[in-house]
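Enquirer: Below is one structure. I have some questions about it.
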Amino acid sequence: MKTLLICEYRQGKLLDVSYELLAFAERLGADKAMLLIGDESQAPKFGGKVYLADAGKYGEYNPDAHKQIVLEAARREQADLIVFVHSSYGWDLAPQVAASLRCAQVSEIVGVVESKFEVAACNAKLRRIATPKTPQAALTIQAGAFGYRGEAQGTPQIERIEIPAGPARIEFVGYEAAEKKELDLAKADVIVSAGRGVGKKDNVTAIAALAKALGGELGATRPVVDAGWVEHSHQVGSTGQVVSPKLYVACGVSGAIHHLAGMKNSEFIVAINKDKDAPIGEVADVLVVADVMQLVPALTAKLAK
Ligand SMILES: Cc1cc2nc3c(=O)[nH]c(=O)nc-3n(C[C@H](O)[C@H](O)[C@H](O)COP(=O)(O)OP(=O)(O)OC[C@H]3O[C@@H](n4cnc5c(N)ncnc54)[C@H](O)[C@@H]3O)c2cc1C
């Protein structure tokens with residue numbers, strides 16, 4: 001099986017998440033080639049074929065041209081699977097590529113089970129297994145799900161792609177920096193996060209007190225933020241902040257892939273969960289099986305002494 005892995009490139013830089021595509025292809029045991037629409041100086045450290053198209057010529061964001069380039073690379077590579085990151089870039093292009101190839105598209109893959117694709121469903125409460133019924137398929141993978149652990153290395157064999165540049169139907173105006181967050185969790189050494197398991201808004205105070213006692217900041221999962229218990233600036237995860245503190249304490253957090261994407265690179269992870277089989281246990285250095293609202297106030301009181 002052959003994969004064509006589409007690198008992520010923004011504002012003149014290759015994004016590290018591109019290497020997760022390699023980890024995904026490795027899980028499949030598939031052959032790998034990459035495509036970068038960017039600058040040669042940013043070519044991935046990958047000792048295989050890298051198709052390169054010049055972003056200076058085609059633009060960083062130009063779905064019309066990029067689709068043609070992806071199709072050309074897929075044709076040359078005879079790729080069975082064309083794999084994007086599940087980002088705004090991948091969301092745009094994967095369906096367009098699938099439509100052009102009249103092939104299946106599977107979005108937001110979080111795992112591989114016997115060469116089939118595991119996909120988050122119902123706000124990641126369920127997983128479904130999907131398998132394309134067409135010989136080719138366009139895929140998007142969830143960032144953080146395949147975490148590339150190895151040090152990237154290797155010198156790419158570059159093969160250039162040029163296409164006739166047609167008129168673009170979208171004009172790329174530019175990037176606008178997101179509003180500055182009043183809380184920069186990324187700088188915190190200690191984060192104590194509240195998950196839905198804390199039960200109710202009033203209980204968040206106890207989690208915040210533990211964060212304070214440890215000299216850290218309060219984090220939260222998305223349901224806690226959606227319920228209005230905590231401000232969005234505290235959300236950790238794929239649609240919140242990505243953090244890697246020295247200590248991350250997850251209180252009543254199940255460990256859904258979207259949350260893990262934001263914190264699994266923390267140096268030391270303590271999880272407090274009443275379910276000994278909660279998925280957070282897979283990344284936690286210590287899993288305390290307890291009722292969070294019994295343990296946390298007692299712990300805070302002990303620390304205060
Ligand atoms: C596109 C998309 C983006 C998303 N982005 C994010 C994101 O950025 N960040 C994020 O967090 N989520 C995100 N999500 C949601 C994510 O998929 C999960 O639904 C969410 O992380 C689950 O939050 P939770 O762990 O607080 O709740 P649950 O999954 O409901 O887990 C609660 C946990 O608490 C435990 N528990 C219950 N009671 C107690 C108790 N008394 N004591 C101890 N433990 C207890 C339970 O055993 C359970 O493990 C996103 C989802 C989608 C679809």
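How things are named: the first chain in the structure tokens is A, the next is B, and so on; residues count from 1 in each chain; ligands count from 1 in the order shown.
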Could you list, as a count of residues only, all residues that come within 9 Å of ligand 1? Count only C-alpha atoms and all ligand atoms.

Expert: 59

Enquirer: Identify, on the basis of only C-alpha atoms, every residue whose closest approach to A:Ile37 does not exceed 7 Å; exclude the query and any residue fewer than 3 positions from it along the same chain; express the result as a PyMOL selection string.

Expert: chain A and resi 52-55

Enquirer: For the selection just defined, write its residues with N, CA and C atoms to a file, as a CSV table (one decimal), in the first residue's frame.

Expert:
```
chain,number,residue,atom,x,y,z
A,52,LEU,N,7.9,18.3,-4.2
A,52,LEU,CA,8.0,19.7,-3.7
A,52,LEU,C,7.4,20.6,-4.8
A,53,ALA,N,6.5,21.5,-4.3
A,53,ALA,CA,6.0,22.5,-5.2
A,53,ALA,C,6.2,23.8,-4.4
A,54,ASP,N,6.5,24.9,-5.2
A,54,ASP,CA,7.0,26.1,-4.6
A,54,ASP,C,5.8,27.0,-4.1
A,55,ALA,N,5.8,27.2,-2.8
A,55,ALA,CA,4.7,28.0,-2.3
A,55,ALA,C,4.8,29.5,-2.7
```
